[in-house]
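> Just query-v5.cif, nothing more (mmCIF, C-alpha atoms and all ligand atoms):
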data_model
#
loop_
_atom_site.label_atom_id
_atom_site.label_comp_id
_atom_site.auth_asym_id
_atom_site.auth_seq_id
_atom_site.Cartn_x
_atom_site.Cartn_y
_atom_site.Cartn_z
CA MET A 1 12.80 -22.04 -45.82
CA THR A 2 14.32 -22.03 -42.35
CA THR A 3 11.92 -21.23 -39.57
CA PHE A 4 13.02 -19.42 -36.46
CA GLN A 5 12.67 -20.11 -32.77
CA ALA A 6 13.06 -17.92 -29.71
CA PRO A 7 16.75 -17.95 -28.70
CA LYS A 8 17.85 -20.53 -26.14
CA GLY A 9 16.94 -19.58 -22.60
CA THR A 10 14.16 -17.22 -23.70
CA TYR A 11 10.44 -17.60 -24.22
CA ASP A 12 7.63 -15.53 -25.64
CA LEU A 13 4.79 -14.10 -23.60
CA LEU A 14 1.56 -14.80 -25.43
CA PRO A 15 -2.10 -14.22 -24.70
CA PRO A 16 -3.90 -15.30 -22.65
CA ASP A 17 -1.01 -16.08 -20.22
CA SER A 18 0.68 -12.74 -20.88
CA ALA A 19 -2.20 -11.07 -19.00
CA THR A 20 -0.93 -12.72 -15.81
CA TYR A 21 2.52 -11.20 -16.37
CA LEU A 22 1.06 -7.75 -16.81
CA ALA A 23 -1.03 -8.19 -13.68
CA VAL A 24 2.03 -9.30 -11.70
CA ARG A 25 3.99 -6.25 -12.82
CA GLU A 26 1.06 -4.05 -11.86
CA ALA A 27 0.67 -5.70 -8.46
CA ILE A 28 4.35 -5.23 -7.61
CA ALA A 29 4.37 -1.64 -8.78
CA ALA A 30 1.15 -0.62 -7.01
CA PRO A 31 2.51 -0.43 -3.43
CA LEU A 32 5.59 1.45 -4.71
CA ARG A 33 3.51 4.02 -6.59
CA ASN A 34 1.53 4.42 -3.43
CA SER A 35 4.63 5.09 -1.32
CA GLY A 36 6.38 7.95 -3.07
CA TYR A 37 8.36 6.03 -5.68
CA GLY A 38 8.56 7.67 -9.11
CA TYR A 39 8.90 5.70 -12.35
CA ILE A 40 12.28 5.55 -14.07
CA GLU A 41 13.30 3.92 -17.32
CA THR A 42 16.91 3.50 -18.41
CA PRO A 43 18.43 2.02 -21.60
CA GLY A 44 18.66 -1.73 -22.10
CA PHE A 45 22.44 -1.44 -22.41
CA GLU A 46 25.14 0.52 -20.64
CA ASP A 47 28.91 0.99 -20.65
CA VAL A 48 30.24 -2.44 -19.68
CA GLU A 49 32.45 -0.80 -17.04
CA LEU A 50 29.40 0.39 -15.10
CA PHE A 51 28.48 -3.21 -14.30
CA ALA A 52 32.07 -4.38 -13.89
CA ARG A 53 32.66 -1.76 -11.23
CA GLY A 54 29.16 -1.77 -9.77
CA VAL A 55 28.17 -5.43 -9.67
CA GLY A 56 31.77 -6.56 -9.11
CA GLU A 57 34.68 -7.79 -11.26
CA SER A 58 34.73 -11.24 -9.66
CA THR A 59 30.99 -11.98 -9.66
CA ASP A 60 29.51 -14.67 -11.90
CA ILE A 61 27.29 -12.00 -13.41
CA VAL A 62 30.25 -9.98 -14.68
CA THR A 63 32.75 -12.75 -15.45
CA LYS A 64 30.42 -15.30 -17.05
CA GLU A 65 26.93 -14.00 -17.63
CA MET A 66 27.16 -10.60 -19.23
CA TYR A 67 26.18 -10.01 -22.85
CA ALA A 68 29.08 -7.68 -23.58
CA PHE A 69 29.88 -6.44 -27.06
CA GLU A 70 31.72 -3.78 -28.98
CA THR A 71 29.72 -1.51 -31.25
CA LYS A 72 30.76 -0.52 -34.76
CA GLY A 73 31.75 2.79 -33.22
CA GLY A 74 34.09 1.04 -30.78
CA ASP A 75 32.02 1.49 -27.61
CA ARG A 76 32.19 -1.37 -25.11
CA LEU A 77 28.62 -2.00 -23.99
CA ALA A 78 26.68 -4.70 -22.16
CA LEU A 79 23.01 -5.65 -22.09
CA ARG A 80 21.94 -4.85 -18.55
CA PRO A 81 22.18 -7.86 -16.24
CA GLU A 82 20.43 -5.95 -13.42
CA GLY A 83 18.91 -2.55 -12.73
CA THR A 84 20.55 -1.01 -9.68
CA ALA A 85 23.77 0.23 -11.28
CA SER A 86 21.82 1.73 -14.21
CA VAL A 87 19.29 3.49 -12.00
CA LEU A 88 22.00 4.98 -9.80
CA ARG A 89 23.99 6.03 -12.89
CA ALA A 90 20.90 7.77 -14.28
CA ALA A 91 20.09 9.49 -10.97
CA LEU A 92 23.66 10.77 -10.65
CA GLU A 93 23.76 11.91 -14.27
CA ALA A 94 20.54 13.90 -13.85
CA ASN A 95 21.64 15.21 -10.44
CA LEU A 96 18.43 13.95 -8.86
CA HIS A 97 20.30 13.70 -5.56
CA LYS A 98 21.02 17.44 -5.63
CA ALA A 99 17.37 18.47 -5.88
CA GLY A 100 17.32 18.48 -2.10
CA ASN A 101 14.75 15.79 -1.61
CA LEU A 102 16.53 12.72 -0.28
CA PRO A 103 15.98 9.86 -0.54
CA VAL A 104 15.28 9.83 -4.25
CA LYS A 105 12.78 7.00 -4.54
CA LEU A 106 12.47 5.29 -7.94
CA TRP A 107 10.79 2.19 -9.33
CA TYR A 108 11.33 0.42 -12.62
CA SER A 109 10.11 -2.50 -14.68
CA GLY A 110 11.91 -4.11 -17.56
CA SER A 111 13.96 -6.79 -19.27
CA TYR A 112 17.33 -8.02 -18.02
CA TYR A 113 19.84 -10.35 -19.63
CA ARG A 114 22.17 -12.93 -18.18
CA TYR A 115 23.99 -15.63 -20.10
CA GLU A 116 23.13 -18.37 -17.62
CA ARG A 117 22.58 -22.09 -18.07
CA PRO A 118 18.83 -22.17 -18.72
CA GLN A 119 16.55 -24.21 -16.49
CA LYS A 120 13.14 -23.80 -14.93
CA GLY A 121 13.04 -20.32 -13.41
CA ARG A 122 16.41 -19.35 -14.87
CA TYR A 123 16.36 -17.64 -18.23
CA ARG A 124 18.70 -15.58 -20.36
CA HIS A 125 16.08 -12.92 -20.76
CA PHE A 126 13.89 -12.22 -17.76
CA SER A 127 11.86 -9.46 -16.27
CA GLN A 128 12.13 -7.57 -12.99
CA VAL A 129 10.20 -4.91 -11.20
CA GLY A 130 12.53 -3.05 -8.86
CA ALA A 131 12.77 -0.16 -6.45
CA GLU A 132 15.70 1.95 -5.34
CA ALA A 133 15.77 4.54 -2.54
CA ILE A 134 18.87 6.63 -3.03
CA GLY A 135 20.68 8.89 -0.59
CA ALA A 136 19.45 8.07 2.92
CA GLU A 137 20.76 5.91 5.70
CA ASP A 138 17.70 5.11 7.75
CA PRO A 139 16.59 1.69 8.95
CA ALA A 140 12.98 2.71 8.29
CA LEU A 141 13.80 2.90 4.58
CA ASP A 142 15.15 -0.66 4.55
CA ALA A 143 12.06 -1.74 6.47
CA GLU A 144 9.74 0.15 4.10
CA LEU A 145 11.09 -1.72 1.09
CA ILE A 146 10.82 -5.14 2.71
CA ILE A 147 7.27 -4.37 3.87
CA LEU A 148 6.25 -3.17 0.39
CA ALA A 149 7.58 -6.32 -1.30
CA ASP A 150 5.70 -8.41 1.24
CA GLN A 151 2.55 -6.39 0.57
CA ALA A 152 2.96 -6.88 -3.19
CA TYR A 153 3.28 -10.66 -2.87
CA ARG A 154 0.36 -10.88 -0.47
CA SER A 155 -1.84 -8.78 -2.75
CA LEU A 156 -1.20 -11.40 -5.44
CA GLY A 157 -2.38 -14.10 -3.09
CA LEU A 158 1.06 -15.67 -2.52
CA ARG A 159 1.54 -17.26 0.89
CA ASN A 160 4.36 -19.82 0.69
CA PHE A 161 7.24 -17.39 0.48
CA ARG A 162 9.80 -16.66 3.16
CA ILE A 163 11.92 -13.60 3.78
CA LEU A 164 15.55 -14.26 4.62
CA LEU A 165 17.38 -11.40 6.31
CA ASN A 166 21.02 -10.73 7.02
CA SER A 167 23.49 -7.91 7.54
CA LEU A 168 26.71 -7.84 5.55
CA GLY A 169 28.35 -5.17 7.72
CA ASP A 170 30.04 -2.04 6.47
CA LYS A 171 33.51 -0.85 5.54
CA GLU A 172 34.52 -0.96 9.21
CA CYS A 173 33.61 -4.50 10.14
CA ARG A 174 33.43 -6.39 6.84
CA PRO A 175 37.20 -6.36 6.14
CA VAL A 176 37.92 -7.79 9.60
CA TYR A 177 35.39 -10.54 9.04
CA ARG A 178 36.66 -11.16 5.54
CA ALA A 179 40.16 -11.79 6.86
CA ALA A 180 38.84 -14.15 9.56
CA LEU A 181 36.79 -16.07 6.97
CA GLN A 182 39.77 -16.29 4.63
CA ASP A 183 41.90 -17.75 7.42
CA PHE A 184 39.24 -20.35 8.05
CA LEU A 185 38.81 -21.21 4.35
CA ARG A 186 42.55 -21.68 3.81
CA GLY A 187 42.45 -24.56 6.29
CA LEU A 188 39.77 -26.48 4.38
CA ASP A 189 40.05 -29.19 1.75
CA LEU A 190 38.84 -27.21 -1.25
CA ASP A 191 39.52 -27.45 -4.98
CA GLU A 192 41.73 -24.92 -6.68
CA ASP A 193 38.91 -22.82 -8.13
CA THR A 194 37.24 -22.49 -4.78
CA LEU A 195 40.51 -21.61 -3.05
CA ARG A 196 41.04 -18.91 -5.64
CA ARG A 197 37.53 -17.61 -5.01
CA ALA A 198 38.32 -17.60 -1.28
CA GLU A 199 41.17 -15.19 -1.97
CA ILE A 200 39.20 -12.83 -4.21
CA ASN A 201 35.72 -13.04 -2.70
CA PRO A 202 35.57 -15.29 0.36
CA LEU A 203 31.93 -14.47 1.21
CA ARG A 204 30.86 -15.99 -2.08
CA VAL A 205 32.24 -19.37 -0.94
CA LEU A 206 29.55 -19.42 1.77
CA ASP A 207 27.03 -19.58 -1.07
CA ASP A 208 28.60 -22.72 -2.61
CA LYS A 209 25.78 -25.17 -3.25
CA ARG A 210 27.89 -28.35 -3.13
CA GLU A 211 27.25 -30.68 -0.22
CA ALA A 212 30.95 -31.45 0.33
CA VAL A 213 31.73 -27.75 0.62
CA GLN A 214 28.73 -26.95 2.80
CA ARG A 215 29.71 -29.69 5.25
CA GLN A 216 33.10 -28.07 5.78
CA LEU A 217 31.49 -24.67 6.25
CA ALA A 218 29.46 -25.74 9.28
CA ASP A 219 31.88 -24.02 11.66
CA ALA A 220 32.73 -21.06 9.44
CA PRO A 221 32.90 -17.74 11.28
CA LEU A 222 29.72 -15.73 10.78
CA LEU A 223 29.54 -12.06 9.96
CA ARG A 224 26.87 -11.77 12.62
CA ASP A 225 29.56 -12.27 15.26
CA HIS A 226 31.83 -9.64 13.68
CA LEU A 227 29.40 -6.75 13.13
CA CYS A 228 30.53 -3.42 14.56
CA ASP A 229 28.25 -1.68 17.06
CA ALA A 230 26.81 0.72 14.47
CA CYS A 231 25.90 -2.12 12.10
CA LYS A 232 24.45 -4.18 14.94
CA ALA A 233 22.23 -1.31 16.11
CA TYR A 234 21.14 -0.54 12.55
CA HIS A 235 20.23 -4.13 11.87
CA GLU A 236 18.36 -4.49 15.14
CA GLU A 237 16.25 -1.45 14.26
CA VAL A 238 15.41 -2.86 10.81
CA ARG A 239 14.35 -6.12 12.43
CA GLU A 240 12.17 -4.33 14.98
CA LEU A 241 10.42 -2.19 12.38
CA ILE A 242 9.60 -5.17 10.17
CA THR A 243 8.41 -7.16 13.15
CA ALA A 244 6.19 -4.29 14.28
CA ALA A 245 4.64 -4.25 10.79
CA GLY A 246 3.68 -7.89 11.24
CA VAL A 247 5.98 -9.12 8.48
CA ALA A 248 7.54 -12.47 9.31
CA PHE A 249 11.18 -13.04 8.40
CA GLU A 250 13.99 -15.43 9.21
CA ASP A 251 17.50 -14.44 10.19
CA ASP A 252 19.89 -16.12 7.78
CA PRO A 253 23.48 -15.40 8.84
CA LYS A 254 24.79 -17.23 5.75
CA LEU A 255 22.79 -15.24 3.21
CA VAL A 256 25.15 -13.75 0.64
CA ARG A 257 23.96 -12.23 -2.59
CA GLY A 258 25.40 -12.64 -6.06
CA LEU A 259 26.31 -8.97 -6.42
CA ASP A 260 29.22 -7.27 -4.65
CA TYR A 261 27.75 -3.85 -3.89
CA TYR A 262 25.82 -4.83 -0.79
CA THR A 263 26.48 -3.46 2.68
CA ARG A 264 24.49 -3.97 5.87
CA THR A 265 20.88 -5.05 5.22
CA THR A 266 20.48 -7.85 2.67
CA PHE A 267 17.43 -9.96 2.08
CA GLU A 268 15.94 -12.49 -0.24
CA PHE A 269 12.38 -13.61 -0.88
CA VAL A 270 12.38 -17.36 -1.46
CA HIS A 271 9.54 -19.61 -2.52
CA GLY A 272 9.20 -23.30 -1.72
CA GLY A 273 7.54 -24.31 -4.98
CA LEU A 274 10.25 -23.36 -7.44
CA GLY A 275 12.92 -26.04 -7.13
CA SER A 276 16.53 -24.90 -7.16
CA GLN A 277 15.83 -21.36 -8.40
CA SER A 278 13.96 -20.51 -5.24
CA ALA A 279 14.74 -16.77 -4.99
CA VAL A 280 11.78 -14.81 -6.32
CA GLY A 281 13.29 -11.50 -5.30
CA GLY A 282 16.19 -9.95 -3.49
CA GLY A 283 17.87 -6.77 -2.49
CA GLY A 284 19.61 -4.80 0.17
CA ARG A 285 21.59 -1.76 1.06
CA TYR A 286 24.44 -0.54 -1.14
CA ASP A 287 26.05 2.37 0.69
CA GLY A 288 29.27 2.33 -1.33
CA LEU A 289 27.98 1.86 -4.88
CA SER A 290 27.70 5.53 -5.75
CA GLU A 291 31.34 6.16 -4.94
CA MET A 292 32.31 2.99 -6.83
CA ILE A 293 30.83 4.47 -10.00
CA GLY A 294 32.29 7.94 -9.52
CA GLY A 295 29.53 9.66 -7.52
CA PRO A 296 29.42 11.20 -4.05
CA ALA A 297 28.64 9.16 -0.93
CA LEU A 298 24.97 8.19 -1.28
CA PRO A 299 23.84 5.41 1.02
CA SER A 300 20.98 3.60 -0.68
CA VAL A 301 18.78 0.54 -0.53
CA GLY A 302 16.59 -1.35 -3.00
CA TRP A 303 15.24 -4.61 -4.32
CA ALA A 304 14.19 -6.33 -7.50
CA LEU A 305 11.49 -8.97 -7.77
CA GLY A 306 11.61 -11.41 -10.67
CA VAL A 307 8.37 -11.36 -12.66
CA ASP A 308 9.00 -14.76 -14.31
CA ARG A 309 9.62 -16.49 -10.99
CA THR A 310 6.71 -14.74 -9.32
CA VAL A 311 4.44 -16.16 -12.03
CA LEU A 312 5.95 -19.63 -11.40
CA ALA A 313 5.29 -19.15 -7.68
CA LEU A 314 1.65 -18.34 -8.42
CA GLN A 315 1.39 -21.51 -10.49
CA ALA A 316 3.04 -23.55 -7.72
CA GLU A 317 0.45 -22.26 -5.24
CA ARG A 318 -2.31 -22.70 -7.81
CA VAL A 319 -3.30 -19.09 -7.45
CA THR A 320 -5.16 -17.78 -10.49
CA LEU A 321 -5.45 -14.03 -10.69
CA ASP A 322 -8.83 -12.52 -11.22
CA ILE A 323 -8.21 -10.93 -14.60
CA PRO A 324 -11.31 -9.28 -16.08
CA ALA A 325 -12.07 -10.13 -19.73
CA ALA A 326 -10.40 -7.63 -22.03
CA THR A 327 -13.51 -7.27 -24.18
CA SER A 328 -16.97 -6.27 -22.90
CA VAL A 329 -18.88 -6.15 -26.16
CA TYR A 330 -18.36 -8.21 -29.31
CA ALA A 331 -20.05 -7.04 -32.48
CA VAL A 332 -21.27 -9.59 -35.03
CA PRO A 333 -22.41 -8.12 -38.34
CA LEU A 334 -24.37 -10.26 -40.78
CA GLY A 335 -23.90 -8.86 -44.27
CA GLU A 336 -22.18 -5.90 -45.93
CA GLU A 337 -24.46 -3.14 -44.70
CA ALA A 338 -24.40 -4.43 -41.11
CA ARG A 339 -20.60 -4.54 -41.28
CA ARG A 340 -20.42 -0.82 -42.02
CA VAL A 341 -23.03 0.11 -39.42
CA LEU A 342 -21.70 -2.08 -36.60
CA PHE A 343 -18.12 -1.06 -37.28
CA GLY A 344 -19.30 2.50 -36.67
CA VAL A 345 -21.02 1.43 -33.45
CA VAL A 346 -17.86 -0.32 -32.23
CA THR A 347 -15.84 2.84 -32.87
CA GLU A 348 -18.38 4.85 -30.88
CA LEU A 349 -18.34 2.33 -28.04
CA ARG A 350 -14.56 2.46 -27.87
CA ARG A 351 -14.56 6.25 -27.85
CA ALA A 352 -17.04 6.09 -24.98
CA GLY A 353 -14.61 3.90 -23.05
CA VAL A 354 -16.35 0.56 -23.58
CA ALA A 355 -13.99 -2.30 -24.48
CA ALA A 356 -15.36 -3.57 -27.76
CA ASP A 357 -14.22 -5.92 -30.50
CA PHE A 358 -15.57 -6.83 -33.90
CA SER A 359 -15.95 -9.95 -35.98
CA PHE A 360 -13.54 -9.35 -38.85
CA GLY A 361 -13.22 -11.32 -42.04
CA GLY A 362 -16.89 -11.71 -42.99
CA LYS A 363 -17.57 -14.82 -40.89
CA GLY A 364 -20.97 -16.47 -40.69
CA LEU A 365 -23.08 -16.26 -37.56
CA LYS A 366 -21.86 -19.53 -36.06
CA GLY A 367 -18.15 -18.83 -36.39
CA ALA A 368 -18.57 -15.24 -35.26
CA MET A 369 -20.50 -16.24 -32.15
CA LYS A 370 -17.78 -18.74 -31.29
CA ASN A 371 -15.28 -15.89 -31.36
CA ALA A 372 -17.60 -13.72 -29.29
CA ASN A 373 -17.63 -16.49 -26.72
CA ARG A 374 -13.86 -16.88 -26.75
CA SER A 375 -13.36 -13.16 -26.28
CA GLY A 376 -14.98 -13.38 -22.87
CA ALA A 377 -17.28 -10.48 -23.78
CA ARG A 378 -20.30 -9.99 -21.58
CA PHE A 379 -22.47 -8.93 -24.52
CA ALA A 380 -22.68 -9.72 -28.20
CA LEU A 381 -24.19 -7.16 -30.51
CA VAL A 382 -25.67 -8.89 -33.57
CA ALA A 383 -27.27 -7.17 -36.57
CA GLY A 384 -28.52 -8.38 -39.95
CA GLU A 385 -30.51 -6.74 -42.72
CA ARG A 386 -33.85 -7.11 -40.96
CA ASP A 387 -32.54 -5.48 -37.76
CA LEU A 388 -31.07 -2.58 -39.71
CA ALA A 389 -34.35 -2.03 -41.51
CA GLU A 390 -35.90 -1.49 -38.09
CA GLY A 391 -33.01 0.68 -36.91
CA THR A 392 -31.99 -1.84 -34.23
CA ALA A 393 -29.40 -4.45 -33.30
CA GLN A 394 -29.82 -7.53 -31.11
CA LEU A 395 -28.07 -7.30 -27.75
CA LYS A 396 -27.31 -10.74 -26.41
CA ASP A 397 -26.31 -11.27 -22.80
CA MET A 398 -23.65 -13.98 -23.10
CA GLU A 399 -24.21 -15.17 -19.53
CA SER A 400 -27.98 -15.55 -19.45
CA GLY A 401 -28.48 -16.02 -23.19
CA GLU A 402 -31.24 -13.41 -23.08
CA GLN A 403 -31.54 -11.33 -26.27
CA VAL A 404 -33.27 -7.95 -26.74
CA PRO A 405 -33.45 -5.51 -29.64
CA VAL A 406 -31.86 -2.11 -28.93
CA ALA A 407 -32.24 1.00 -31.09
CA LEU A 408 -28.93 1.67 -32.87
CA ASP A 409 -28.72 5.22 -31.54
CA ALA A 410 -29.22 3.93 -27.98
CA VAL A 411 -26.60 1.15 -28.09
CA VAL A 412 -23.82 3.17 -26.46
CA SER A 413 -25.93 4.52 -23.60
CA THR A 414 -27.62 1.13 -23.02
CA LEU A 415 -24.32 -0.74 -22.87
CA ARG A 416 -22.68 1.84 -20.64
CA ALA A 417 -25.56 1.52 -18.22
CA ARG A 418 -25.66 -2.28 -18.28
CA LEU A 419 -21.88 -2.60 -17.87
CA ALA A 420 -21.64 -0.06 -15.03
P1 LIG B 1 19.16 -10.44 -8.16
O1 LIG B 1 19.00 -11.25 -6.91
O2 LIG B 1 20.31 -10.76 -9.01
O3 LIG B 1 19.22 -8.94 -7.68
O4 LIG B 1 17.85 -10.54 -9.04
C1 LIG B 1 16.58 -10.27 -8.48
C2 LIG B 1 15.56 -11.28 -8.98
O5 LIG B 1 15.55 -11.32 -10.40
C3 LIG B 1 15.82 -12.71 -8.56
O6 LIG B 1 15.37 -12.96 -7.25
C4 LIG B 1 15.03 -13.48 -9.60
O7 LIG B 1 13.67 -13.54 -9.25
C5 LIG B 1 15.19 -12.62 -10.83
N1 LIG B 1 16.23 -13.20 -11.68
C6 LIG B 1 17.56 -13.01 -11.63
N2 LIG B 1 18.18 -13.72 -12.58
C7 LIG B 1 17.22 -14.40 -13.25
C8 LIG B 1 17.22 -15.33 -14.35
N3 LIG B 1 18.34 -15.68 -14.98
N4 LIG B 1 16.03 -15.82 -14.77
C9 LIG B 1 14.87 -15.47 -14.16
N5 LIG B 1 14.82 -14.61 -13.13
C10 LIG B 1 15.98 -14.08 -12.67
C11 LIG B 1 19.35 -7.88 -8.50
O8 LIG B 1 19.24 -7.93 -9.69
C12 LIG B 1 19.57 -6.57 -7.76
N6 LIG B 1 19.72 -5.48 -8.75
C13 LIG B 1 18.43 -6.30 -6.80
C14 LIG B 1 18.60 -5.00 -6.05
C15 LIG B 1 17.99 -3.83 -6.30
N7 LIG B 1 19.43 -4.80 -5.04
C16 LIG B 1 19.34 -3.53 -4.65
N8 LIG B 1 18.48 -2.92 -5.42
#
What's the structure tokens form of this structure?

Amino acid sequence: MTTFQAPKGTYDLLPPDSATYLAVREAIAAPLRNSGYGYIETPGFEDVELFARGVGESTDIVTKEMYAFETKGGDRLALRPEGTASVLRAALEANLHKAGNLPVKLWYSGSYYRYERPQKGRYRHFSQVGAEAIGAEDPALDAELIILADQAYRSLGLRNFRILLNSLGDKECRPVYRAALQDFLRGLDLDEDTLRRAEINPLRVLDDKREAVQRQLADAPLLRDHLCDACKAYHEEVRELITAAGVAFEDDPKLVRGLDYYTRTTFEFVHGGLGSQSAVGGGGRYDGLSEMIGGPALPSVGWALGVDRTVLALQAERVTLDIPAATSVYAVPLGEEARRVLFGVVTELRRAGVAADFSFGGKGLKGAMKNANRSGARFALVAGERDLAEGTAQLKDMESGEQVPVALDAVVSTLRARLA
């Protein structure tokens, strides 16, 4: 018989490590929930055109990395490579922007798919928690999002991350800069592919990782020197608000993102312990995206933090999260009658909100106690025939080893009190 493995570039989340992933998702979501963001969930796939138009026809994500397919019904769909286009599509479709309460603030958590060359920190299936604030042009909103991401990372105990900040200008100043950059690039000694990229998407060339290319880019014109007055003032205000909040950042005039919808504020959270895939999160403003996908003008801003890479960052900093044991009480029945009675007690405990588990499969005392230990439970509840005859069970404190008999009808109240 053939056995199966997780597809290339993917991995399974298994206990106990999976608890860390859940905790990371929770920690990223908590500041958002606390700041007026409502939860949104969209399908795992969308019309392929949504991403082509939204993320950009010439991006790596759309040209190389999208899982696009045709359904039996002839629809052209793609597994979502990112969340922003989907969230905006959903908000527009439901007319959330017409409810009169702008910005519409949404957060999400889910799986994303990119057909990338797998390596540490780069997977074909990965997980993001993201936030989008739709329909307001206000530097305080950009600042809010950066501050909340910083708060999320700090709450996890991360310290060795940096925030890179840039402005990509708007539809006034970007085209002027683009032309200037193109002029500059045409004079360089670049291979054919790169020259072609310079014609279609010159900003992307700034992001070329090759040493030989970077050396030639040392004197490239910077967008910073081409920003129009409105973009300059906007960016300055974002910088001031973040600074006032005590969040450290670095200006990175060469920061370009892998998606085409960005305007003005762009930022990336990078971590030193991750090797080449150093971006743990990123985002920015996308004032033109709504119109690009057929909606009205809705200036917006958002970010997505990668859960996989955040977990790697925790490992790199040797931060272990304080995750409470899932089970508080572990019941160990000795014999048939005890099995029935203790199973009933476990059900009662659970209904009373106490996390309880049970030794299944008729194990002997030794094996069952081993499992009780492994479960991390604070208490074991052991009962055999003699205990039942007396209407009791033995309550063992797994930390101190101390053991006391407890009347069966007092088990729930006793445990609730001792666990409180
Ligand atoms: P992104 O920079 O493409 O932005 O992805 C955000 C984060 O997702 C990355 O920083 C990284 O942590 C994680 N990520 C991306 N690709 C992979 C991969 N192949 N394997 C593991 N992790 C990965 C966006 O997706 C934008 N939608 C963010 C945004 C929201 N901009 C505005 N609103």
> Using all atoms listed in the file, which residues sit within 9 Å of region 350-361 of chain A once same-chain residues fewer than 4 positions away are excluded, as JSON, numbers by chain?
{"A": [326, 327, 328, 329, 330, 331, 332, 333, 339, 342, 343, 345, 346, 368, 369, 371, 372, 375, 377, 412, 415, 416, 419]}
> Put a box with edges along x, y and z around all the listed atoms of ligand LIG 1 (chain B), pad it by 6 Å on each side, then give me its centre and sizes in Å, one decimal, as JSON.

{"center_x": 17.0, "center_y": -9.4, "center_z": -9.8, "size_x": 18.6, "size_y": 24.9, "size_z": 22.3}
> Within 6 Å of ligand LIG 1 (chain B), which residues show up when you count all atoms listed in the file? List them as JSON, numbers by chain, please.
{"A": [82, 83, 84, 114, 121, 122, 123, 124, 126, 128, 132, 279, 280, 281, 282, 283, 284, 301, 302, 303, 304, 305, 306, 308, 309]}
> Write out as CSV a residue-level contact list of region 189-249 of chain A versus region 269-276 of chain A with cut-off 12 Å: for each qualifying residue the closest pair of atoms and the distance in Å to one decimal, counting all atoms listed in the file, rows sorted by chain and residue number upward.

residue,atom,partner,partner_atom,distance
A:Lys209,CA,A:Ser276,CA,10.0
A:Ala248,CA,A:Phe269,CA,11.3
A:Phe249,CA,A:Phe269,CA,9.4
> Store the residues picked out above, limited to C-alpha atoms, as a compact mmCIF listing (two decimals), in the coordinates of the input.

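Wrote it out as part-v2.txt, contents follow:
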# COMPACT_ATOMS: atom_id res chain seq x y z
CA LYS A 209 25.78 -25.17 -3.25
CA ALA A 248 7.54 -12.47 9.31
CA PHE A 249 11.18 -13.04 8.40
> If you measure from CA of Met292 (chain A) to CA of Glu116 (chain A), what distance in Å do you get, rounded to one decimal?
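These atoms are spaced 25.6 Å apart.
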> Which value, in Å to one decimal, gives the distance between CA of Gln315 (chain A) and CA of Glu26 (chain A)?
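Separation of CA of Gln315 (chain A) and CA of Glu26 (chain A): 17.5 Å.
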> CA of Lys366 (chain A) and CA of Ala380 (chain A), how far apart in Å?
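Going from CA of Ala380 (chain A) over to CA of Lys366 (chain A) covers 12.6 Å.
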> Could you produce a table of the residues of region 226-247 of chain A lying within 9 Å of region 143-164 of chain A, with the nearest pair of atoms per residue and their separation in Å rounded to one decimal, using all atoms listed in the file, ordered by chain and increasing residue number, as CSV?

residue,atom,partner,partner_atom,distance
A:Glu237,CA,A:Ala143,CA,8.9
A:Val238,CA,A:Ala143,CA,5.6
A:Arg239,CA,A:Ala143,CA,7.7
A:Glu240,CA,A:Ala143,CA,8.9
A:Leu241,CA,A:Ala143,CA,6.1
A:Ile242,CA,A:Ala143,CA,5.6
A:Ala245,CA,A:Ile147,CA,7.4
A:Gly246,CA,A:Ile147,CA,8.9
A:Val247,CA,A:Ile147,CA,6.7
> Which polymer residues have any atom within 7 Å of an atom of region 91-106 of chain A, counting all atoms listed in the file, with same-chain residues fewer than 6 positions away left out, as a count of residues only?
12
> Counting only C-alpha atoms, figure out which residue out of A:Lys64, A:Arg197, A:Arg386, A:Lys8 gets nearest to Gln119 (chain A).
A:Lys8
> With a distance cut-off of 12 Å and only C-alpha atoms, select the neighbouring residues of Asp12 (chain A), excluding the residue or stretch itself and same-chain residues fewer than 5 positions from it, and output the selection as a PDB file with C-alpha atoms, in the frame of the given file.

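Dumped to part_26.pdb:
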ATOM      1  CA  GLN A   5      12.670 -20.110 -32.770  1.00  0.00           C
ATOM      2  CA  ALA A   6      13.060 -17.920 -29.710  1.00  0.00           C
ATOM      3  CA  PRO A   7      16.750 -17.950 -28.700  1.00  0.00           C
ATOM      4  CA  ASP A  17      -1.010 -16.080 -20.220  1.00  0.00           C
ATOM      5  CA  SER A  18       0.680 -12.740 -20.880  1.00  0.00           C
ATOM      6  CA  TYR A  21       2.520 -11.200 -16.370  1.00  0.00           C
ATOM      7  CA  TYR A 123      16.360 -17.640 -18.230  1.00  0.00           C
ATOM      8  CA  HIS A 125      16.080 -12.920 -20.760  1.00  0.00           C
ATOM      9  CA  PHE A 126      13.890 -12.220 -17.760  1.00  0.00           C
ATOM     10  CA  SER A 127      11.860  -9.460 -16.270  1.00  0.00           C
ATOM     11  CA  ASP A 308       9.000 -14.760 -14.310  1.00  0.00           C
TER      12      ASP A 308
END
> Have a look at A:Met1, A:Leu168, A:Ala417, A:Ala325 and name the one nearest to Thr266 (chain A); count only C-alpha atoms.
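Among the listed residues, the smallest separation from Thr266 (chain A) belongs to A:Leu168.
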> Calculated over only C-alpha atoms, which of the candidates A:Phe379, A:Tyr115, A:Tyr108, A:Tyr261 has the smallest distance to Gly130 (chain A)?
A:Tyr108
> In terms of the shortest atom-to-atom distance over all atoms listed in the file, which of A:Gly56, A:Gly367, A:Gly362, A:Gly258 is closest to Val205 (chain A)?
A:Gly258
